[in-house]
>>> print(open('input.txt').read())   # compact mmCIF, C-alpha atoms
# COMPACT_ATOMS: atom_id res chain seq x y z
CA MET A 946 -38.12 -8.38 -21.51
CA GLU A 947 -37.19 -6.13 -24.43
CA LYS A 948 -33.59 -6.49 -25.51
CA SER A 949 -31.53 -3.29 -25.52
CA ASN A 950 -29.53 -2.45 -28.64
CA LYS A 951 -27.13 -0.31 -26.63
CA LYS A 952 -23.55 -1.45 -27.08
CA ILE A 953 -21.86 -2.30 -23.78
CA SER A 954 -18.47 -0.64 -23.38
CA THR A 955 -15.33 -2.67 -22.71
CA GLU A 956 -13.98 0.15 -20.55
CA SER A 957 -13.78 -0.45 -16.81
CA TYR A 958 -15.60 1.79 -14.35
CA LYS A 959 -13.88 5.19 -14.04
CA GLY A 960 -11.14 5.24 -11.46
CA VAL A 961 -10.63 1.47 -11.11
CA ARG A 962 -8.23 -0.89 -12.86
CA ASP A 963 -8.25 -4.19 -14.71
CA PHE A 964 -5.27 -6.36 -13.87
CA TYR A 965 -4.02 -8.30 -16.88
CA PRO A 966 -1.37 -10.97 -16.12
CA GLN A 967 1.60 -8.60 -16.39
CA ASP A 968 -0.19 -6.03 -14.18
CA MET A 969 -1.04 -8.75 -11.70
CA PHE A 970 2.59 -9.83 -11.65
CA VAL A 971 3.62 -6.35 -10.49
CA GLN A 972 0.76 -6.21 -8.00
CA ASN A 973 1.73 -9.55 -6.47
CA TYR A 974 5.34 -8.40 -6.27
CA ILE A 975 4.30 -5.28 -4.37
CA PHE A 976 2.11 -7.31 -2.00
CA GLY A 977 4.92 -9.83 -1.53
CA VAL A 978 7.43 -7.17 -0.48
CA MET A 979 4.88 -5.66 1.90
CA ARG A 980 4.13 -9.04 3.50
CA LYS A 981 7.79 -9.97 3.86
CA ALA A 982 8.61 -6.70 5.61
CA VAL A 983 5.72 -6.63 8.09
CA GLU A 984 5.93 -10.33 8.90
CA SER A 985 9.65 -9.90 9.68
CA PHE A 986 8.45 -7.77 12.62
CA GLY A 987 6.03 -10.49 13.73
CA TYR A 988 2.78 -9.02 12.35
CA SER A 989 -0.16 -11.37 11.63
CA GLU A 990 -2.56 -10.93 8.72
CA TYR A 991 -6.30 -10.31 9.20
CA GLY A 992 -9.19 -9.48 6.86
CA ALA A 993 -12.78 -8.23 6.75
CA SER A 994 -15.62 -7.52 4.33
CA ILE A 995 -15.52 -4.43 2.11
CA LEU A 996 -19.03 -3.59 3.39
CA GLU A 997 -19.45 -1.71 6.67
CA PRO A 998 -22.34 0.16 8.35
CA ALA A 999 -22.09 3.83 7.30
CA ASP A 1000 -22.20 4.93 10.96
CA LEU A 1001 -18.73 3.49 11.46
CA TYR A 1002 -17.21 6.25 9.32
CA LYS A 1003 -19.54 9.04 10.39
CA ALA A 1004 -18.29 8.64 13.95
CA LYS A 1005 -14.60 9.38 13.50
CA THR A 1006 -13.18 9.34 9.96
CA GLY A 1007 -13.76 12.96 8.88
CA GLU A 1008 -16.52 14.95 7.22
CA GLU A 1009 -14.88 15.31 3.82
CA ILE A 1010 -14.40 11.58 3.36
CA VAL A 1011 -17.86 10.68 4.67
CA ASN A 1012 -19.82 13.38 2.85
CA GLU A 1013 -17.89 13.60 -0.41
CA GLN A 1014 -15.81 10.47 -0.97
CA THR A 1015 -17.67 7.39 0.21
CA TYR A 1016 -19.71 4.94 -1.81
CA THR A 1017 -22.72 4.79 0.48
CA PHE A 1018 -26.10 3.24 -0.34
CA LYS A 1019 -29.17 1.64 1.17
CA ASP A 1020 -29.31 -2.14 1.04
CA ARG A 1021 -32.52 -4.14 0.54
CA GLY A 1022 -33.14 -4.02 4.28
CA ASP A 1023 -33.01 -0.20 4.21
CA ARG A 1024 -29.69 -0.20 6.07
CA GLU A 1025 -27.11 2.44 5.14
CA VAL A 1026 -23.96 0.65 3.95
CA THR A 1027 -20.55 1.95 2.85
CA LEU A 1028 -17.79 0.43 0.76
CA ARG A 1029 -14.85 0.93 3.12
CA PRO A 1030 -12.84 4.10 2.37
CA GLU A 1031 -10.11 3.03 4.83
CA MET A 1032 -9.33 0.07 7.08
CA THR A 1033 -8.55 1.60 10.48
CA PRO A 1034 -12.18 1.90 11.71
CA THR A 1035 -12.76 -1.72 10.68
CA VAL A 1036 -9.81 -3.07 12.65
CA ALA A 1037 -10.86 -0.94 15.63
CA ARG A 1038 -14.34 -2.47 15.41
CA MET A 1039 -12.89 -5.99 15.26
CA ILE A 1040 -10.69 -5.43 18.30
CA ALA A 1041 -13.48 -3.76 20.29
CA ALA A 1042 -15.71 -6.79 19.58
CA LYS A 1043 -13.28 -9.33 21.08
CA ARG A 1044 -10.82 -7.26 23.10
CA ARG A 1045 -11.15 -9.45 26.23
CA GLU A 1046 -10.08 -12.50 24.22
CA PHE A 1047 -6.79 -10.94 23.10
CA SER A 1048 -3.38 -10.76 24.72
CA PHE A 1049 -1.82 -7.37 24.02
CA PRO A 1050 0.14 -6.00 22.29
CA LEU A 1051 -1.41 -7.03 18.99
CA ARG A 1052 0.62 -6.73 15.80
CA TRP A 1053 -1.75 -6.97 12.83
CA TYR A 1054 -1.66 -6.20 9.12
CA SER A 1055 -3.92 -6.47 6.08
CA ILE A 1056 -3.85 -5.52 2.39
CA PRO A 1057 -7.51 -4.65 1.67
CA ASN A 1058 -9.04 -2.86 -1.28
CA ILE A 1059 -10.34 0.63 -0.49
CA PHE A 1060 -13.01 2.72 -2.25
CA ARG A 1061 -13.27 6.51 -2.39
CA TYR A 1062 -15.32 8.59 -4.79
CA GLU A 1063 -12.80 11.22 -5.81
CA GLN A 1064 -11.40 12.67 -9.02
CA PRO A 1065 -9.01 10.12 -10.55
CA GLN A 1066 -5.51 11.51 -11.10
CA LYS A 1067 -1.89 10.40 -10.92
CA GLY A 1068 -1.39 8.43 -7.73
CA ARG A 1069 -5.08 8.52 -6.79
CA LEU A 1070 -7.91 6.30 -8.02
CA ARG A 1071 -11.38 5.39 -6.80
CA GLU A 1072 -10.30 1.90 -5.83
CA HIS A 1073 -6.89 0.84 -4.61
CA TRP A 1074 -5.23 -1.69 -2.34
CA GLN A 1075 -3.53 -0.58 0.84
CA LEU A 1076 -1.18 -2.20 3.30
CA ASN A 1077 -2.34 -1.47 6.84
CA ALA A 1078 0.07 -2.26 9.68
CA ASP A 1079 -0.93 -1.48 13.29
CA ILE A 1080 0.31 -2.20 16.78
CA PHE A 1081 -2.23 -2.11 19.62
CA GLY A 1082 -1.54 -1.91 23.35
CA VAL A 1083 1.75 0.02 23.56
CA GLU A 1084 1.52 3.47 25.16
CA GLY A 1085 5.17 4.49 24.78
CA ILE A 1086 7.18 5.89 21.89
CA GLU A 1087 8.40 2.34 21.15
CA ALA A 1088 5.25 1.78 19.10
CA GLU A 1089 5.97 4.75 16.81
CA ILE A 1090 9.59 3.65 16.48
CA GLU A 1091 8.52 0.14 15.44
CA ILE A 1092 5.90 1.33 12.96
CA ILE A 1093 8.27 3.84 11.33
CA SER A 1094 10.97 1.13 11.28
CA ILE A 1095 8.57 -1.10 9.33
CA ALA A 1096 7.91 1.71 6.87
CA HIS A 1097 11.65 2.25 6.45
CA SER A 1098 12.18 -1.49 6.01
CA ILE A 1099 9.54 -1.67 3.28
CA MET A 1100 11.18 1.14 1.33
CA LYS A 1101 14.54 -0.61 1.65
CA GLU A 1102 13.04 -3.93 0.47
CA PHE A 1103 11.72 -2.14 -2.62
CA GLY A 1104 15.27 -0.98 -3.37
CA LEU A 1105 14.82 2.68 -2.41
CA LYS A 1106 17.66 4.54 -0.71
CA ASP A 1107 17.30 6.96 2.21
CA GLU A 1108 18.06 9.93 -0.04
CA ASN A 1109 15.10 9.02 -2.26
CA TYR A 1110 12.55 9.94 0.41
CA GLU A 1111 11.94 11.77 3.69
CA ILE A 1112 10.12 10.59 6.78
CA ARG A 1113 8.19 13.69 7.80
CA ILE A 1114 6.94 13.82 11.38
CA ASN A 1115 4.72 16.01 13.54
CA ASP A 1116 2.62 15.62 16.69
CA ARG A 1117 -1.09 16.39 16.91
CA LYS A 1118 -0.68 17.03 20.65
CA ILE A 1119 1.49 20.13 20.16
CA MET A 1120 -0.54 21.29 17.16
CA ASN A 1121 -3.79 20.96 19.11
CA TYR A 1122 -2.16 22.88 21.98
CA ILE A 1123 -1.16 25.70 19.62
CA LEU A 1124 -4.60 25.94 18.03
CA ASN A 1125 -6.73 25.48 21.14
CA ASP A 1126 -4.61 27.00 23.93
CA LEU A 1127 -2.17 29.49 22.44
CA LEU A 1128 -4.55 30.82 19.77
CA SER A 1129 -7.77 30.21 21.76
CA LEU A 1130 -9.65 28.86 18.76
CA SER A 1131 -13.01 27.18 19.21
CA PRO A 1132 -13.28 23.45 18.38
CA SER A 1133 -14.91 24.24 15.01
CA GLU A 1134 -12.28 26.88 14.18
CA SER A 1135 -9.48 24.53 15.21
CA HIS A 1136 -10.95 21.82 12.98
CA THR A 1137 -11.19 24.21 10.03
CA VAL A 1138 -7.61 25.43 10.46
CA SER A 1139 -6.36 21.83 10.70
CA LYS A 1140 -7.95 21.08 7.33
CA ILE A 1141 -6.40 24.22 5.80
CA ILE A 1142 -2.95 23.26 7.12
CA ASP A 1143 -3.38 19.71 5.82
CA LYS A 1144 -3.89 21.11 2.29
CA LYS A 1145 -1.08 23.69 2.42
CA ASP A 1146 0.95 22.07 -0.37
CA LYS A 1147 -2.02 22.31 -2.74
CA MET A 1148 -2.22 26.14 -2.64
CA SER A 1149 0.04 29.15 -3.05
CA ARG A 1150 1.75 30.70 -0.03
CA GLU A 1151 -0.47 33.79 -0.35
CA ASP A 1152 -3.69 31.81 -0.66
CA PHE A 1153 -2.69 29.69 2.33
CA ALA A 1154 -2.01 32.79 4.45
CA ASP A 1155 -5.34 34.34 3.42
CA LYS A 1156 -7.26 31.21 4.42
CA ILE A 1157 -5.49 31.08 7.80
CA ARG A 1158 -6.23 34.78 8.44
CA SER A 1159 -9.91 34.30 7.59
CA VAL A 1160 -10.24 31.96 10.57
CA VAL A 1161 -7.47 32.87 13.04
CA GLY A 1162 -7.63 36.65 12.70
CA ALA A 1163 -5.22 38.77 14.79
CA LYS A 1164 -2.95 35.88 15.78
CA SER A 1165 -2.48 34.62 12.22
CA ASP A 1166 1.13 35.83 11.92
CA GLU A 1167 2.04 33.94 15.09
CA LEU A 1168 0.67 30.71 13.62
CA LEU A 1169 2.14 31.29 10.15
CA ASN A 1170 5.55 31.97 11.69
CA LEU A 1171 5.42 28.60 13.48
CA LEU A 1172 4.21 26.77 10.38
CA HIS A 1173 7.12 28.11 8.33
CA SER A 1174 9.74 26.81 10.78
CA LYS A 1175 12.83 25.34 9.10
CA ASN A 1176 13.27 22.45 11.55
CA LEU A 1177 12.27 21.25 14.99
CA ASP A 1178 14.79 23.44 16.84
CA ASP A 1179 13.58 26.51 14.95
CA PHE A 1180 9.99 25.58 15.78
CA ILE A 1181 10.76 25.12 19.49
CA ASN A 1182 12.62 28.44 19.67
CA LYS A 1183 9.52 30.22 18.37
CA LEU A 1184 7.25 28.66 21.00
CA PRO A 1185 6.43 30.43 24.29
CA ASP A 1186 8.56 29.17 27.18
CA GLU A 1187 5.69 27.19 28.70
CA ALA A 1188 5.24 25.27 25.44
CA LYS A 1189 8.90 24.31 24.92
CA THR A 1190 8.53 21.30 27.23
CA HIS A 1191 5.06 20.30 26.04
CA GLN A 1192 4.56 16.52 25.76
CA GLY A 1193 4.22 16.76 21.99
CA VAL A 1194 7.56 18.57 21.69
CA LEU A 1195 9.33 16.08 23.94
CA GLU A 1196 7.89 13.16 21.96
CA LEU A 1197 9.16 14.59 18.67
CA LYS A 1198 12.67 15.17 20.04
CA ASP A 1199 12.75 11.66 21.52
CA LEU A 1200 11.48 10.11 18.31
CA GLN A 1201 14.12 11.80 16.14
CA THR A 1202 16.90 10.81 18.54
CA ARG A 1203 15.88 7.18 18.87
CA LEU A 1204 15.28 6.69 15.15
CA ALA A 1205 18.78 8.07 14.46
CA GLU A 1206 20.18 5.52 16.93
CA ILE A 1207 18.87 2.70 14.70
CA GLU A 1208 20.26 4.36 11.55
CA ILE A 1209 16.97 5.92 10.37
CA LYS A 1210 18.26 9.42 9.73
CA ASN A 1211 16.13 10.74 6.87
CA VAL A 1212 13.61 12.10 9.39
CA VAL A 1213 12.37 15.68 8.95
CA PHE A 1214 10.08 17.70 11.23
CA SER A 1215 7.13 19.18 9.31
CA PRO A 1216 4.83 21.53 11.28
CA THR A 1217 2.23 21.51 8.48
CA LEU A 1218 1.87 17.73 8.52
CA MET A 1219 -1.57 17.07 10.03
CA ARG A 1220 -2.93 13.94 8.27
CA GLY A 1221 -6.53 14.21 7.13
CA PHE A 1222 -8.27 11.86 9.54
CA ASP A 1223 -9.88 13.19 12.69
CA TYR A 1224 -8.88 10.23 14.85
CA TYR A 1225 -5.12 10.91 15.19
CA THR A 1226 -4.11 11.80 18.76
CA GLY A 1227 -0.30 12.03 18.80
CA ILE A 1228 2.66 11.59 16.48
CA VAL A 1229 1.82 11.52 12.77
CA PHE A 1230 4.21 10.79 9.91
CA GLU A 1231 4.40 10.64 6.12
CA ILE A 1232 6.89 9.12 3.73
CA PHE A 1233 7.55 11.81 1.12
CA ASP A 1234 9.23 11.25 -2.25
CA THR A 1235 12.08 13.73 -2.82
CA ASN A 1236 12.30 13.20 -6.59
CA PRO A 1237 11.51 16.54 -8.33
CA GLU A 1238 9.32 14.71 -10.86
CA ASN A 1239 7.28 12.92 -8.23
CA ARG A 1240 7.28 15.13 -5.11
CA ARG A 1241 4.36 13.89 -3.07
CA ALA A 1242 3.40 11.92 0.01
CA ILE A 1243 3.72 8.19 -0.66
CA PHE A 1244 2.02 6.97 2.52
CA GLY A 1245 1.67 7.77 6.21
CA GLY A 1246 0.08 7.10 9.56
CA GLY A 1247 0.28 7.90 13.24
CA ARG A 1248 -1.09 7.33 16.74
CA TYR A 1249 -4.85 6.98 17.31
CA ASP A 1250 -5.42 6.07 20.95
CA ASP A 1251 -9.10 7.05 21.19
CA LEU A 1252 -10.69 5.33 18.19
CA LEU A 1253 -12.22 2.47 20.19
CA SER A 1254 -14.22 5.04 22.17
CA ILE A 1255 -16.82 5.14 19.39
CA PHE A 1256 -17.78 1.62 20.47
CA ASP A 1257 -17.90 2.62 24.16
CA ALA A 1258 -14.91 0.33 24.61
CA GLU A 1259 -12.00 0.81 26.97
CA LYS A 1260 -9.17 2.87 25.49
CA ILE A 1261 -6.42 0.90 23.74
CA PRO A 1262 -3.33 2.77 22.52
CA ALA A 1263 -2.65 2.22 18.83
CA VAL A 1264 -0.19 3.28 16.13
CA GLY A 1265 -0.32 2.33 12.46
CA PHE A 1266 0.01 3.35 8.83
CA GLY A 1267 -1.57 2.76 5.44
CA MET A 1268 0.48 2.32 2.24
CA GLY A 1269 -1.37 2.39 -1.09
CA ASP A 1270 -0.38 0.27 -4.08
CA VAL A 1271 -0.95 3.07 -6.63
CA THR A 1272 1.49 5.56 -5.15
CA ILE A 1273 4.21 3.02 -4.41
CA ARG A 1274 3.93 1.67 -7.97
CA ASP A 1275 4.44 5.22 -9.31
CA VAL A 1276 7.51 5.59 -7.10
CA LEU A 1277 8.99 2.28 -8.23
CA LEU A 1278 8.39 3.30 -11.85
CA THR A 1279 10.10 6.66 -11.26
CA TYR A 1280 13.22 4.99 -9.87
CA GLY A 1281 13.27 2.10 -12.36
CA LEU A 1282 12.54 -0.47 -9.64
CA LEU A 1283 9.56 -2.30 -11.12
CA PRO A 1284 10.31 -6.03 -11.53
CA GLU A 1285 10.78 -7.64 -14.94
CA TYR A 1286 7.79 -9.79 -15.85
CA LYS A 1287 8.18 -13.53 -15.42
CA PRO A 1288 5.43 -15.90 -16.60
CA VAL A 1289 3.99 -18.57 -14.36
CA ALA A 1290 4.88 -21.32 -16.83
CA GLU A 1291 8.53 -22.35 -16.80
CA LEU A 1292 8.33 -24.95 -19.56
CA TYR A 1293 6.21 -25.15 -22.71
CA ILE A 1294 5.75 -28.58 -24.30
CA CYS A 1295 5.26 -28.44 -28.06
CA VAL A 1296 3.51 -31.43 -29.67
CA LEU A 1297 4.50 -32.54 -33.18
CA GLU A 1298 1.39 -34.65 -33.90
CA GLU A 1299 -1.93 -35.19 -32.17
CA LYS A 1300 -1.11 -38.85 -31.43
CA TYR A 1301 1.64 -37.71 -29.02
CA GLN A 1302 -0.70 -35.48 -27.02
CA SER A 1303 -1.37 -38.04 -24.28
CA TYR A 1304 2.36 -38.67 -23.85
CA ALA A 1305 2.98 -34.92 -23.62
CA ASN A 1306 0.29 -34.57 -20.94
CA SER A 1307 1.77 -37.44 -18.95
CA LEU A 1308 5.27 -35.93 -19.23
CA ALA A 1309 3.98 -32.54 -18.11
CA GLN A 1310 2.28 -34.02 -15.07
CA LYS A 1311 5.44 -35.81 -13.96
CA ILE A 1312 7.43 -32.58 -14.21
CA ARG A 1313 4.71 -30.62 -12.35
CA GLU A 1314 4.81 -33.15 -9.51
CA ALA A 1315 8.48 -32.29 -9.09
CA GLY A 1316 7.61 -28.59 -8.61
CA VAL A 1317 7.95 -27.09 -12.09
CA ASN A 1318 5.11 -25.20 -13.83
CA VAL A 1319 4.37 -26.64 -17.27
CA SER A 1320 1.97 -25.72 -20.11
CA VAL A 1321 1.19 -28.06 -23.02
CA ASP A 1322 0.27 -26.92 -26.52
CA TYR A 1323 -3.13 -28.16 -27.78
CA SER A 1324 -3.35 -26.02 -30.91
CA GLY A 1325 -2.11 -28.47 -33.56
CA ARG A 1326 -0.16 -25.62 -35.17
CA LYS A 1327 3.23 -26.01 -36.81
CA ILE A 1328 6.11 -26.47 -34.38
CA GLY A 1329 7.56 -23.10 -35.34
CA ASP A 1330 4.30 -21.38 -34.43
CA GLN A 1331 4.13 -23.25 -31.12
CA ILE A 1332 7.62 -22.05 -30.23
CA LYS A 1333 6.74 -18.49 -31.26
CA TYR A 1334 3.75 -18.65 -28.91
CA ALA A 1335 6.00 -19.65 -26.00
CA ASP A 1336 8.46 -16.89 -26.82
CA LYS A 1337 5.72 -14.25 -27.13
CA ASN A 1338 4.43 -15.25 -23.70
CA PHE A 1339 7.94 -15.07 -22.16
CA ILE A 1340 8.04 -18.78 -21.26
CA PRO A 1341 11.78 -19.44 -20.86
CA PHE A 1342 12.05 -23.11 -21.90
CA VAL A 1343 10.48 -25.28 -24.59
CA VAL A 1344 10.67 -28.97 -25.41
CA CYS A 1345 9.17 -30.76 -28.40
CA VAL A 1346 7.49 -34.16 -28.20
CA GLY A 1347 7.44 -36.34 -31.30
CA GLU A 1348 8.27 -39.86 -32.46
CA ASN A 1349 11.97 -39.85 -31.51
CA GLU A 1350 11.34 -38.31 -28.10
CA VAL A 1351 8.66 -40.84 -27.23
CA LYS A 1352 10.78 -43.74 -28.47
CA ASN A 1353 14.08 -42.77 -26.81
CA GLU A 1354 12.69 -40.77 -23.86
CA GLU A 1355 15.38 -38.20 -24.55
CA PHE A 1356 14.51 -34.54 -25.07
CA LYS A 1357 16.13 -31.32 -26.26
CA VAL A 1358 15.22 -28.55 -23.82
CA LYS A 1359 15.76 -25.13 -25.39
CA ASN A 1360 16.34 -21.90 -23.51
CA LEU A 1361 14.49 -19.30 -25.57
CA ASN A 1362 16.43 -16.44 -24.02
CA SER A 1363 19.93 -17.74 -24.79
CA GLY A 1364 19.17 -20.17 -27.60
CA GLU A 1365 21.08 -22.94 -25.81
CA GLU A 1366 19.84 -26.52 -26.01
CA SER A 1367 20.36 -29.28 -23.45
CA THR A 1368 19.74 -32.93 -24.24
CA LEU A 1369 18.19 -34.63 -21.23
CA LYS A 1370 16.65 -37.93 -20.24
CA LYS A 1371 13.04 -37.89 -19.12
CA GLY A 1372 13.96 -38.23 -15.45
CA GLU A 1373 16.52 -35.39 -15.62
CA MET A 1374 14.27 -32.66 -16.94
CA ALA A 1375 12.59 -31.57 -13.72
CA GLU A 1376 15.81 -31.17 -11.73
CA PHE A 1377 17.44 -29.35 -14.63
CA LEU A 1378 14.57 -26.85 -14.83
CA LYS A 1379 14.50 -26.35 -11.07
CA ARG A 1380 18.18 -25.39 -11.16
CA GLN A 1381 17.41 -22.67 -13.73
CA LYS A 1382 14.99 -20.81 -11.43
>>> encode(input="input.txt", output="structure tokens")
Amino acid sequence: MEKSNKKISTESYKGVRDFYPQDMFVQNYIFGVMRKAVESFGYSEYGASILEPADLYKAKTGEEIVNEQTYTFKDRGDREVTLRPEMTPTVARMIAAKRREFSFPLRWYSIPNIFRYEQPQKGRLREHWQLNADIFGVEGIEAEIEIISIAHSIMKEFGLKDENYEIRINDRKIMNYILNDLLSLSPSESHTVSKIIDKKDKMSREDFADKIRSVVGAKSDELLNLLHSKNLDDFINKLPDEAKTHQGVLELKDLQTRLAEIEIKNVVFSPTLMRGFDYYTGIVFEIFDTNPENRRAIFGGGRYDDLLSIFDAEKIPAVGFGMGDVTIRDVLLTYGLLPEYKPVAELYICVLEEKYQSYANSLAQKIREAGVNVSVDYSGRKIGDQIKYADKNFIPFVVCVGENEVKNEEFKVKNLNSGEESTLKKGEMAEFLKRQK
């Protein structure tokens, strides 16, 4: 085979990231906070392959994502395969496959990587990781309360305050009623208007009104008036009398009241919140950053009771959300909440001469067995250079091994951050280092 002279780029594929150790440290911190929060509510972790049959997404996800944003290809068996653009259809498939083996309700979570072919920009890449938390088998508003409580708990664990973000809520039931019953739109018109409403914040007020009028026609002002409501009470007052007690309205009022009872008070009704996926059937919500420099949705979710129907399976009520790592990292950066990097190694052993290498390795292993992470220098460089290496890599403690240390089994452990030295016997080093964590 003829060898190509083309130089291979060191750049990663557009829209994805390489995670160097310091990046991975932040990523693991984010995942750790997510896991701690959801597991405190009793949620169990699950996983699945990134490959799914393309039909899974064509059935319910939404035309834009399927037609424009998926990585879909034919495998060697001529089967159409998609790199998952979201996790909800996958978990629905898994539950439909073994639903008779489960005892409901199920509380599940995962942190999968997700792929969408879209234009990379701030807060949006072609590959990201996303916490998915879902509760299956609860028909009542308690499921929404629990899921939103988890979302609120995660934000608190990250160090964010209630004034830093809003929990925006709406209900697809009342919105579907307005579009289908009050405005008498056809299913295709209703779908088109839902997509326009979902993208309201990405266009001017005039452009938004024009797009609504192009579909709704004579009743456009009635819809626009509702969509510009200041709050839930204002919205309800604008509804016809027969709609004021609609199930969707009652659910929203109940949700706001019961969240306030558990001290979640940064909840705001948003009539233009639709969520982009076609499978939502009830309450939907988004966590929205209120910082003027970063005003955008951070993550969201809602109720999707009918998703298992694509598998001809019995209906199972479900509520969940997805929280991406890219957007939450941007938020943490905005508020100065990213963690300070800490290396894996807690102690670096510098070796004065090659003949002490075996002793240094033996010492390191003893300390590791006690639960301390240790790296040993094999470079043969001058001691000063070995210490500089440890400092450059943020390793907090160093100890040097030479003739005196081997003979007396007494060591000077130096804290590179403070400059303090502690003289310790061989058997004291591990406990000393563990106390410094």
>>> closest_atom_pairs(input="input.txt", of="segment 1091-1151 of chain A", to="segment 1224-1242 of chain A", cutoff="9 Å", atoms="all atoms listed in the file", output="Markdown table")
| residue | atom | partner | partner_atom | distance |
| --- | --- | --- | --- | --- |
| A:Ile1093 | CA | A:Phe1230 | CA | 8.2 |
| A:Ala1096 | CA | A:Ile1232 | CA | 8.1 |
| A:His1097 | CA | A:Ile1232 | CA | 8.8 |
| A:Glu1108 | CA | A:Thr1235 | CA | 7.6 |
| A:Asn1109 | CA | A:Thr1235 | CA | 5.6 |
| A:Tyr1110 | CA | A:Asp1234 | CA | 4.5 |
| A:Glu1111 | CA | A:Phe1233 | CA | 5.1 |
| A:Ile1112 | CA | A:Ile1232 | CA | 4.7 |
| A:Arg1113 | CA | A:Glu1231 | CA | 5.1 |
| A:Ile1114 | CA | A:Phe1230 | CA | 4.3 |
| A:Asn1115 | CA | A:Val1229 | CA | 5.4 |
| A:Asp1116 | CA | A:Ile1228 | CA | 4.0 |
| A:Arg1117 | CA | A:Gly1227 | CA | 4.8 |
| A:Lys1118 | CA | A:Gly1227 | CA | 5.3 |
| A:Ile1119 | CA | A:Gly1227 | CA | 8.4 |
>>> write_last_selection(input="input.txt", atoms="C-alpha atoms", output="CSV table (one decimal), in the coordinates of the input")
chain,number,residue,atom,x,y,z
A,1093,ILE,CA,8.3,3.8,11.3
A,1096,ALA,CA,7.9,1.7,6.9
A,1097,HIS,CA,11.6,2.2,6.4
A,1108,GLU,CA,18.1,9.9,0.0
A,1109,ASN,CA,15.1,9.0,-2.3
A,1110,TYR,CA,12.6,9.9,0.4
A,1111,GLU,CA,11.9,11.8,3.7
A,1112,ILE,CA,10.1,10.6,6.8
A,1113,ARG,CA,8.2,13.7,7.8
A,1114,ILE,CA,6.9,13.8,11.4
A,1115,ASN,CA,4.7,16.0,13.5
A,1116,ASP,CA,2.6,15.6,16.7
A,1117,ARG,CA,-1.1,16.4,16.9
A,1118,LYS,CA,-0.7,17.0,20.6
A,1119,ILE,CA,1.5,20.1,20.2
>>> closest_residue(input="input.txt", among="A:Glu1208, A:Asp1020, A:Glu1031, A:Asp1000", to="Phe1266 of chain A", atoms="all atoms listed in the file")
A:Glu1031
>>> closest_residue(input="input.txt", among="A:Val1343, A:Leu1070, A:Ala1375, A:Val971", to="Tyr1286 of chain A", atoms="all atoms listed in the file")
A:Val971
>>> atom_distance(input="input.txt", atom1="atom CA of Pro1288 of chain A", atom2="atom CA of Gln1302 of chain A")
23.0 Å
>>> residues_around(input="input.txt", residues="Ile975 of chain A", least_positions_apart="6", cutoff="9 Å", atoms="all atoms listed in the file", output="PyMOL selection string")
chain A and resi 1103+1270+1273-1274
>>> atom_distance(input="input.txt", atom1="atom CA of Ile1141 of chain A", atom2="atom CA of Ala1078 of chain A")
27.5 Å
>>> residues_around(input="input.txt", residues="Ile1099 of chain A", least_positions_apart="2", cutoff="8 Å", atoms="only C-alpha atoms", output="list in words")
Val978, Met979, Ala982, Val983, Ile1095, Ala1096, His1097, Lys1101, Glu1102 and Phe1103 of chain A
>>> closest_residue(input="input.txt", among="A:Gly1316, A:Gln1201, A:Lys1359, A:Gly1267", to="Cys1295 of chain A", atoms="all atoms listed in the file")
A:Lys1359
>>> atom_distance(input="input.txt", atom1="atom CA of Leu1076 of chain A", atom2="atom CA of Glu1089 of chain A")
16.8 Å
>>> closest_residue(input="input.txt", among="A:Lys1327, A:Arg1061, A:Lys1379, A:Lys1371", to="Tyr1304 of chain A", atoms="all atoms listed in the file")
A:Lys1371
>>> residues_near_point(input="input.txt", point="(5.7, -28.8, -32.8)", cutoff="7 Å", atoms="only C-alpha atoms", output="ChimeraX atom specification")
/A:1295-1297,1327-1329,1331,1345
>>> residues_around(input="input.txt", residues="segment 1183-1186 of chain A", least_positions_apart="6", cutoff="9 Å", atoms="only C-alpha atoms", output="PyMOL selection string")
chain A and resi 1127+1167+1170-1171+1174
>>> closest_residue(input="input.txt", among="A:Ser989, A:Gln972, A:Asn1362, A:Ser1048", to="Asp1336 of chain A", atoms="only C-alpha atoms")
A:Asn1362
